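Colleague: My structure file target26.txt, compact mmCIF, C-alpha atoms and all ligand atoms, is below:
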# COMPACT_ATOMS: atom_id res chain seq x y z
CA MET A 1 142.62 88.43 76.92
CA SER A 2 141.79 89.52 80.43
CA ALA A 3 142.07 93.10 81.73
CA ALA A 4 144.79 94.10 84.17
CA ILE A 5 143.31 94.43 87.64
CA ILE A 6 144.11 97.79 89.22
CA ASP A 7 144.91 96.92 92.83
CA GLY A 8 143.69 99.73 95.07
CA LYS A 9 145.04 97.96 98.13
CA ILE A 10 148.64 98.08 96.88
CA ILE A 11 148.39 101.62 95.49
CA ALA A 12 146.73 102.96 98.67
CA GLN A 13 149.51 101.36 100.72
CA LYS A 14 152.07 103.07 98.49
CA VAL A 15 150.40 106.45 99.15
CA LYS A 16 150.30 105.75 102.90
CA ASP A 17 153.97 104.70 102.91
CA GLU A 18 154.85 108.01 101.20
CA VAL A 19 152.80 109.91 103.81
CA LYS A 20 154.51 108.05 106.66
CA VAL A 21 157.92 109.11 105.32
CA GLY A 22 156.67 112.71 104.91
CA VAL A 23 155.33 112.77 108.49
CA ALA A 24 158.66 111.42 109.82
CA ASP A 25 160.53 114.13 107.84
CA LEU A 26 158.30 116.82 109.35
CA GLN A 27 158.93 115.43 112.83
CA ALA A 28 162.68 115.42 112.20
CA SER A 29 162.82 118.93 110.72
CA HIS A 30 160.18 120.76 112.80
CA HIS A 31 159.38 118.43 115.72
CA TYR A 32 155.79 118.55 114.59
CA ALA A 33 153.17 115.90 113.79
CA PRO A 34 150.26 116.87 111.49
CA GLY A 35 146.84 117.04 113.20
CA LEU A 36 143.47 116.09 111.71
CA ALA A 37 140.23 117.09 113.45
CA THR A 38 137.12 115.10 112.56
CA VAL A 39 133.60 116.35 113.20
CA LEU A 40 130.90 113.69 113.37
CA VAL A 41 127.30 114.84 113.85
CA GLY A 42 124.63 112.34 114.93
CA ASP A 43 124.72 108.56 115.14
CA ASN A 44 124.81 107.41 111.50
CA THR A 45 126.51 104.02 111.79
CA ALA A 46 128.25 104.17 108.39
CA SER A 47 129.60 107.68 109.11
CA ALA A 48 130.88 106.58 112.52
CA THR A 49 132.66 103.61 110.89
CA TYR A 50 134.29 105.87 108.25
CA VAL A 51 135.47 108.30 110.94
CA ARG A 52 136.91 105.46 113.05
CA SER A 53 138.83 104.19 109.99
CA LYS A 54 140.24 107.69 109.43
CA HIS A 55 141.46 107.85 113.03
CA ARG A 56 143.07 104.41 112.71
CA ALA A 57 144.87 105.49 109.53
CA CYS A 58 146.14 108.65 111.30
CA GLN A 59 147.48 106.58 114.16
CA ALA A 60 149.32 104.21 111.82
CA LEU A 61 151.04 107.09 110.01
CA GLY A 62 152.00 109.28 112.98
CA ILE A 63 149.27 111.88 112.36
CA ARG A 64 147.50 113.25 115.45
CA SER A 65 143.73 112.95 115.30
CA ILE A 66 141.23 114.92 117.30
CA SER A 67 137.64 113.67 117.45
CA HIS A 68 134.49 115.78 117.87
CA GLU A 69 131.31 113.73 118.25
CA LEU A 70 128.26 115.95 118.34
CA PRO A 71 124.54 115.29 118.91
CA ALA A 72 122.23 114.99 115.88
CA ASP A 73 120.16 117.98 117.10
CA ILE A 74 123.10 120.39 117.32
CA SER A 75 122.13 123.86 116.08
CA GLN A 76 123.61 125.49 112.98
CA PRO A 77 125.28 128.35 114.97
CA LYS A 78 126.80 125.90 117.48
CA LEU A 79 128.26 123.73 114.71
CA GLU A 80 129.63 126.80 112.93
CA THR A 81 131.25 127.93 116.19
CA ILE A 82 132.96 124.54 116.60
CA VAL A 83 134.33 124.69 113.04
CA LYS A 84 135.57 128.28 113.64
CA GLU A 85 137.32 127.16 116.86
CA LEU A 86 139.06 124.43 114.87
CA ASN A 87 140.05 127.05 112.26
CA ASP A 88 141.73 129.05 115.05
CA ASP A 89 143.37 126.04 116.73
CA PRO A 90 147.10 126.00 115.81
CA ASP A 91 147.31 122.26 116.61
CA VAL A 92 144.76 121.44 113.89
CA ASP A 93 146.04 121.28 110.30
CA GLY A 94 143.06 119.61 108.64
CA ILE A 95 139.32 119.68 109.38
CA LEU A 96 137.04 116.94 108.15
CA VAL A 97 133.29 117.36 108.62
CA GLN A 98 131.82 113.93 107.94
CA LEU A 99 128.96 114.06 105.43
CA PRO A 100 126.03 113.72 105.25
CA LEU A 101 124.98 116.23 107.91
CA PRO A 102 121.48 116.12 109.46
CA GLY A 103 118.75 117.70 107.32
CA HIS A 104 118.34 120.86 109.46
CA ILE A 105 122.02 121.80 108.94
CA ASP A 106 123.01 124.01 105.99
CA GLU A 107 125.82 121.82 104.64
CA GLU A 108 127.19 124.39 102.20
CA LYS A 109 127.45 127.01 104.94
CA ILE A 110 129.35 124.60 107.19
CA LEU A 111 131.74 123.59 104.40
CA SER A 112 132.29 127.27 103.54
CA THR A 113 133.13 128.00 107.17
CA ILE A 114 136.18 125.68 107.08
CA ASP A 115 139.40 127.66 106.63
CA LEU A 116 140.63 127.08 103.05
CA VAL A 117 144.08 126.06 104.27
CA LYS A 118 142.52 123.35 106.48
CA ASP A 119 140.00 122.05 103.91
CA VAL A 120 141.57 118.58 103.59
CA ASP A 121 138.33 117.09 102.23
CA GLY A 122 138.49 119.64 99.38
CA PHE A 123 134.75 120.46 99.46
CA HIS A 124 135.04 124.19 100.18
CA PRO A 125 133.24 125.97 97.30
CA VAL A 126 136.44 127.95 96.54
CA ASN A 127 138.46 124.75 96.19
CA ILE A 128 135.82 123.25 93.86
CA GLY A 129 135.64 126.55 91.95
CA ARG A 130 139.41 126.56 91.40
CA LEU A 131 139.18 122.98 90.18
CA ALA A 132 136.76 124.16 87.52
CA MET A 133 138.81 127.15 86.34
CA LYS A 134 141.54 127.12 83.75
CA GLY A 135 144.96 128.05 85.09
CA ARG A 136 143.84 127.78 88.74
CA ASN A 137 144.49 124.96 91.15
CA PRO A 138 142.71 124.08 94.38
CA LEU A 139 144.74 123.79 97.59
CA PHE A 140 143.14 120.39 98.17
CA ILE A 141 141.48 117.92 95.82
CA PRO A 142 138.52 115.90 97.19
CA CYS A 143 139.80 112.53 98.38
CA THR A 144 137.82 109.97 96.34
CA PRO A 145 138.30 111.87 93.04
CA ALA A 146 142.02 112.31 93.87
CA GLY A 147 142.15 108.56 94.52
CA CYS A 148 140.63 107.84 91.08
CA MET A 149 143.26 110.04 89.42
CA ARG A 150 146.09 108.37 91.34
CA LEU A 151 144.82 104.93 90.24
CA LEU A 152 144.84 106.13 86.61
CA ALA A 153 148.33 107.59 87.01
CA GLU A 154 149.69 104.40 88.58
CA THR A 155 148.14 102.39 85.74
CA GLY A 156 150.03 104.54 83.24
CA VAL A 157 146.92 105.64 81.32
CA ASP A 158 147.59 108.45 78.84
CA LEU A 159 144.77 110.92 79.47
CA ASN A 160 145.99 113.49 76.96
CA GLY A 161 143.22 113.68 74.34
CA ALA A 162 141.58 110.49 75.67
CA GLU A 163 137.80 110.09 75.54
CA ALA A 164 136.69 109.92 79.18
CA VAL A 165 133.15 109.21 80.31
CA VAL A 166 132.15 109.91 83.91
CA LEU A 167 128.91 108.37 85.12
CA GLY A 168 127.39 110.51 87.85
CA ARG A 169 127.63 114.23 88.58
CA SER A 170 127.52 114.37 92.40
CA ASN A 171 129.43 117.12 94.19
CA ILE A 172 131.60 114.60 96.01
CA VAL A 173 132.59 112.24 93.19
CA GLY A 174 131.28 112.64 89.63
CA LEU A 175 131.68 116.39 89.17
CA PRO A 176 135.19 116.73 90.67
CA VAL A 177 136.39 113.62 88.79
CA ALA A 178 135.13 115.13 85.52
CA LEU A 179 136.90 118.43 86.29
CA LEU A 180 140.15 116.61 87.11
CA LEU A 181 140.01 114.54 83.92
CA GLN A 182 139.45 117.73 81.95
CA LYS A 183 142.44 119.37 83.66
CA ALA A 184 144.45 116.30 82.60
CA ASN A 185 143.46 117.09 78.97
CA ALA A 186 140.92 114.29 78.49
CA THR A 187 137.78 115.01 76.45
CA VAL A 188 135.09 114.51 79.06
CA THR A 189 131.46 113.46 78.80
CA ILE A 190 129.32 113.38 81.93
CA VAL A 191 126.51 110.83 81.91
CA HIS A 192 123.68 111.22 84.44
CA SER A 193 120.15 110.03 85.10
CA ARG A 194 118.70 112.16 82.26
CA THR A 195 121.24 111.08 79.64
CA ARG A 196 119.35 109.61 76.67
CA ASN A 197 121.69 106.91 75.42
CA MET A 198 124.28 105.97 78.01
CA GLU A 199 125.65 103.10 75.94
CA SER A 200 126.52 105.26 72.93
CA HIS A 201 128.78 107.34 75.19
CA LEU A 202 130.30 104.34 76.96
CA ARG A 203 131.20 102.60 73.69
CA ARG A 204 133.62 105.31 72.62
CA ALA A 205 135.24 105.80 76.03
CA ASP A 206 138.94 105.09 76.54
CA VAL A 207 138.43 105.77 80.24
CA ILE A 208 135.26 105.21 82.27
CA VAL A 209 134.74 106.39 85.84
CA ALA A 210 131.50 105.04 87.29
CA ALA A 211 129.98 106.79 90.33
CA VAL A 212 126.27 106.10 90.10
CA GLY A 213 125.29 103.78 92.95
CA ILE A 214 123.47 101.19 90.80
CA ALA A 215 124.79 97.64 91.14
CA GLU A 216 126.48 96.29 88.00
CA LEU A 217 124.89 98.85 85.66
CA ILE A 218 127.76 98.73 83.15
CA LYS A 219 128.06 95.45 81.25
CA GLY A 220 130.90 94.13 79.11
CA ASP A 221 128.97 94.58 75.85
CA MET A 222 128.62 98.34 76.53
CA ILE A 223 132.34 99.16 76.63
CA LYS A 224 135.12 99.67 74.12
CA PRO A 225 137.74 96.90 74.03
CA GLY A 226 140.82 97.98 75.99
CA ALA A 227 139.04 100.68 78.02
CA THR A 228 140.28 101.55 81.50
CA ILE A 229 137.51 101.34 84.08
CA ILE A 230 137.52 102.95 87.52
CA ASP A 231 134.53 101.74 89.54
CA VAL A 232 133.65 104.03 92.44
CA GLY A 233 130.28 102.42 93.21
CA ILE A 234 129.74 100.51 96.43
CA ASN A 235 126.44 98.64 96.41
CA ARG A 236 125.06 95.88 98.61
CA GLN A 237 123.78 92.83 96.77
CA ASP A 238 121.86 90.08 98.60
CA ASP A 239 123.92 86.91 98.86
CA PRO A 240 122.63 84.24 101.24
CA SER A 241 125.95 82.38 100.92
CA ALA A 242 127.88 85.37 102.32
CA LYS A 243 128.49 85.62 106.08
CA ARG A 244 126.68 88.97 106.31
CA GLY A 245 123.90 87.95 103.91
CA TYR A 246 125.14 90.38 101.26
CA ARG A 247 128.23 91.18 99.24
CA LEU A 248 129.56 94.46 97.93
CA VAL A 249 129.54 95.08 94.19
CA GLY A 250 130.40 98.10 92.08
CA ASP A 251 128.50 99.98 89.38
CA VAL A 252 130.37 97.84 86.87
CA ASP A 253 129.63 94.19 86.15
CA PHE A 254 133.21 93.11 86.84
CA ASN A 255 132.93 89.60 85.38
CA SER A 256 131.50 90.63 82.00
CA CYS A 257 133.87 93.64 81.67
CA LEU A 258 137.03 91.77 82.69
CA PRO A 259 137.59 90.05 79.31
CA ILE A 260 136.89 93.27 77.33
CA ALA A 261 138.53 96.07 79.33
CA GLY A 262 142.24 96.91 79.30
CA ALA A 263 142.37 97.60 83.04
CA ILE A 264 139.71 97.60 85.75
CA THR A 265 139.34 98.22 89.49
CA PRO A 266 137.64 95.56 91.61
CA VAL A 267 135.00 96.26 94.28
CA PRO A 268 136.01 95.90 97.04
CA GLY A 269 139.76 96.48 96.77
CA GLY A 270 139.77 99.34 94.28
CA VAL A 271 138.79 102.99 94.76
CA GLY A 272 137.42 102.39 98.27
CA ARG A 273 140.95 101.84 99.54
CA MET A 274 142.16 105.15 98.11
CA THR A 275 139.87 107.66 99.84
CA ILE A 276 141.46 107.52 103.29
CA ALA A 277 144.99 107.33 101.83
CA MET A 278 144.35 110.60 99.93
CA LEU A 279 142.92 112.21 103.08
CA MET A 280 146.18 111.36 104.87
CA GLU A 281 148.11 112.89 101.95
CA ASN A 282 146.02 116.08 102.12
CA THR A 283 146.54 116.33 105.90
CA LEU A 284 150.31 116.07 105.47
CA LYS A 285 150.13 118.75 102.75
CA ALA A 286 148.18 121.05 105.11
CA ALA A 287 150.80 120.63 107.83
CA ARG A 288 153.67 121.24 105.37
CA MET A 289 152.01 124.47 104.19
CA LYS A 290 152.24 125.78 107.75
CA PHE A 291 156.03 125.66 107.59
P1 LIG B 1 124.89 110.25 94.26
O1 LIG B 1 125.11 111.53 94.95
O2 LIG B 1 123.66 109.46 94.55
O3 LIG B 1 124.97 110.52 92.69
C1 LIG B 1 124.67 109.52 91.76
C2 LIG B 1 124.81 110.07 90.37
O4 LIG B 1 124.48 109.03 89.45
C3 LIG B 1 123.88 111.25 90.07
O5 LIG B 1 124.59 112.25 89.39
C4 LIG B 1 122.80 110.63 89.19
O6 LIG B 1 122.31 111.51 88.19
C5 LIG B 1 123.58 109.53 88.49
N1 LIG B 1 122.67 108.46 88.02
C6 LIG B 1 121.65 107.88 88.70
N2 LIG B 1 121.06 106.93 87.94
C7 LIG B 1 121.74 106.89 86.77
C8 LIG B 1 121.61 106.13 85.59
N3 LIG B 1 120.69 105.19 85.45
N4 LIG B 1 122.50 106.36 84.59
C9 LIG B 1 123.46 107.29 84.70
N5 LIG B 1 123.62 108.06 85.81
C10 LIG B 1 122.77 107.87 86.82
O7 LIG B 1 126.11 109.23 94.53
P2 LIG B 1 127.63 109.50 94.93
O8 LIG B 1 127.68 110.03 96.32
O9 LIG B 1 128.34 110.23 93.86
O10 LIG B 1 128.15 107.99 94.97
C11 LIG B 1 128.10 107.16 93.83
C12 LIG B 1 128.56 105.77 94.24
O11 LIG B 1 129.92 105.85 94.68
C13 LIG B 1 127.80 105.14 95.38
O12 LIG B 1 127.71 103.73 95.16
C14 LIG B 1 128.66 105.41 96.59
O13 LIG B 1 128.48 104.45 97.61
C15 LIG B 1 130.03 105.31 96.00
N6 LIG B 1 131.07 106.09 96.71
C16 LIG B 1 132.26 105.46 96.99
C17 LIG B 1 133.26 106.15 97.63
C18 LIG B 1 134.55 105.45 97.91
O14 LIG B 1 134.86 104.48 97.32
N7 LIG B 1 135.35 105.90 98.80
C19 LIG B 1 133.08 107.49 97.99
C20 LIG B 1 131.89 108.12 97.66
C21 LIG B 1 130.89 107.40 97.00
P3 LIG B 1 121.44 112.84 88.53
O15 LIG B 1 122.46 113.87 88.92
O16 LIG B 1 120.75 113.14 87.25
O17 LIG B 1 120.52 112.47 89.65
Write out the structure in this file as structure tokens.
Modeller:
Amino acid sequence: MSAAIIDGKIIAQKVKDEVKVGVADLQASHHYAPGLATVLVGDNTASATYVRSKHRACQALGIRSISHELPADISQPKLETIVKELNDDPDVDGILVQLPLPGHIDEEKILSTIDLVKDVDGFHPVNIGRLAMKGRNPLFIPCTPAGCMRLLAETGVDLNGAEAVVLGRSNIVGLPVALLLQKANATVTIVHSRTRNMESHLRRADVIVAAVGIAELIKGDMIKPGATIIDVGINRQDDPSAKRGYRLVGDVDFNSCLPIAGAITPVPGGVGRMTIAMLMENTLKAARMKF
């Protein structure tokens, strides 16, 4: 039997459709459109592409977007001042500082400067702290982890008491996903680069979330039959037959896992589609909180 394919494209569209309705409601009730400010520092091509996609998504959903493109050599105080001005700007509901920032910038200090009620990326240390604490909830959940949880919810996976294994412990994906799974009452194991026997953990997992950045690390013979797999990884693999000379693959070997898993996300077309949709949802939430 073949696993069900979890279609991130359809689920992300569902989230965006919900946001579009929410934005229209806000317009009708308060004559107000949510506003997202993006801050892009330097000329990292991938970052610039992500930011452009975020602006396009805003436009499609009726969200105002305000762009700040800053030079790579901007000073720490100047960048902090810009974030503080956005905090004080009543037309801005959400602030997104595109990561990574240049090496000379203290990233944590910048993220801590963002007003909690405008932290639509969910990376403010207080938001992450609340995610980790029992009985507390963050105002905003980081977008890619929120997208993973929405994919699991839409798939109908019962997380209560489930064995969940998260591969990777980064601040932006692995750690928040693990905290969210724990909040959803899963029993969570975090696997990282120092873990001694990754396969022994994978084999008992009902749910696997892979966020490692190693192409096709997880093979079909490492997983439990029927497991649900969420593949966050985006890796380039050389492919002379592809137009660009490479193709994108996940951290999971899709072809060998497909006959064993119960449900699985493809790459591309899985988690990648969710991140921007969840950012739009967070921006709408920020605007609603204002009223
Ligand atoms: P990261 O910061 O590089 O973290 C990678 C994590 O994987 C680390 O915790 C590392 O462990 C762990 N790791 C490395 N080698 C391992 C191994 N052999 N076995 C088990 N764990 C291992 O990466 P990230 O930013 O979380 O991103 C992970 C992947 O997700 C990347 O492919 C990235 O492109 C993708 N991504 C996708 C989206 C999206 O779809 N929207 C968003 C963000 C990231 P240590 O902590 O011990 O070093």
Colleague: At a cut-off of 10 Å and counting all atoms listed in the file, what residues surround ligand LIG 1 (chain B)? Please answer as a VMD selection string.
Modeller: chain A and resid 50 100 143 to 145 147 to 148 166 to 176 190 to 199 210 to 215 217 to 218 231 to 236 248 to 251 267 to 276
Colleague: When you count only C-alpha atoms, which of these residues is closest to Ile260 (chain A): A:Asp17, A:Asp221, A:Glu281, A:Asp206?
Modeller: A:Asp221
Colleague: Name all residues at most 9 Å from region 102-107 of chain A (count all atoms listed in the file; drop same-chain ones fewer than 6 positions away) and give them as a PyMOL selection string.
Modeller: chain A and resi 41-42+72-76+79
Colleague: What lies within 7 Å of Leu179 (chain A) using all atoms listed in the file, ignoring chain neighbours under 4 positions off, as JSON, numbers by chain?
Modeller: {"A": [131, 132, 175, 183]}
Colleague: Could you work out how far CA of Leu279 (chain A) lies from CA of Ala227 (chain A), giving the answer in Å with one decimal?
Modeller: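 Between CA of Ala227 (chain A) and CA of Leu279 (chain A) the gap works out to 27.9 Å.
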Colleague: Do you know which residues are at most 9 Å from Ile114 (chain A) counting all atoms listed in the file, after dropping those on the same chain fewer than 6 positions away, and could you put them as JSON, numbers by chain?
Modeller: {"A": [80, 83, 84, 86, 87, 95, 96, 97, 124]}
Colleague: Got time to write the residues from that selection, C-alpha atoms, as a PDB file, in the coordinates of the input?
Modeller:
ATOM      1  CA  GLU A  80     129.630 126.800 112.930  1.00  0.00           C
ATOM      2  CA  VAL A  83     134.330 124.690 113.040  1.00  0.00           C
ATOM      3  CA  LYS A  84     135.570 128.280 113.640  1.00  0.00           C
ATOM      4  CA  LEU A  86     139.060 124.430 114.870  1.00  0.00           C
ATOM      5  CA  ASN A  87     140.050 127.050 112.260  1.00  0.00           C
ATOM      6  CA  ILE A  95     139.320 119.680 109.380  1.00  0.00           C
ATOM      7  CA  LEU A  96     137.040 116.940 108.150  1.00  0.00           C
ATOM      8  CA  VAL A  97     133.290 117.360 108.620  1.00  0.00           C
ATOM      9  CA  HIS A 124     135.040 124.190 100.180  1.00  0.00           C
TER      10      HIS A 124
END
Colleague: With all atoms listed in the file as the basis for distance, which of A:Asn282, A:Lys290, A:Ile208, A:Ser53 is at the shortest distance from Val252 (chain A)?
Modeller: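 Smallest separation from Val252 (chain A) among the options: A:Ile208.
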Colleague: Distance CA of Ile11 (chain A)-CA of Gly129 (chain A), one decimal place?
Modeller: 28.2 Å
Colleague: Quick one: everything within 12 Å of Ser2 (chain A), counting all atoms listed in the file, minus sequence neighbours fewer than 4 positions away in the same chain. Send it as a short mmCIF file (atom, residue, chain, number, x, y, z; two decimals) with C-alpha atoms, in the frame of the given file.
Modeller:
data_model
loop_
_atom_site.label_atom_id
_atom_site.label_comp_id
_atom_site.auth_asym_id
_atom_site.auth_seq_id
_atom_site.Cartn_x
_atom_site.Cartn_y
_atom_site.Cartn_z
CA GLY A 220 130.90 94.13 79.11
CA PRO A 225 137.74 96.90 74.03
CA GLY A 226 140.82 97.98 75.99
CA ALA A 227 139.04 100.68 78.02
CA PHE A 254 133.21 93.11 86.84
CA ASN A 255 132.93 89.60 85.38
CA SER A 256 131.50 90.63 82.00
CA CYS A 257 133.87 93.64 81.67
CA LEU A 258 137.03 91.77 82.69
CA PRO A 259 137.59 90.05 79.31
CA ILE A 260 136.89 93.27 77.33
CA ALA A 261 138.53 96.07 79.33
CA GLY A 262 142.24 96.91 79.30
CA ALA A 263 142.37 97.60 83.04
CA ILE A 264 139.71 97.60 85.75
#
Colleague: To one decimal place in Å, what is the distance between CA of Ala12 (chain A) and CA of Ala205 (chain A)?
Modeller: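 These two atoms are separated by 25.5 Å.
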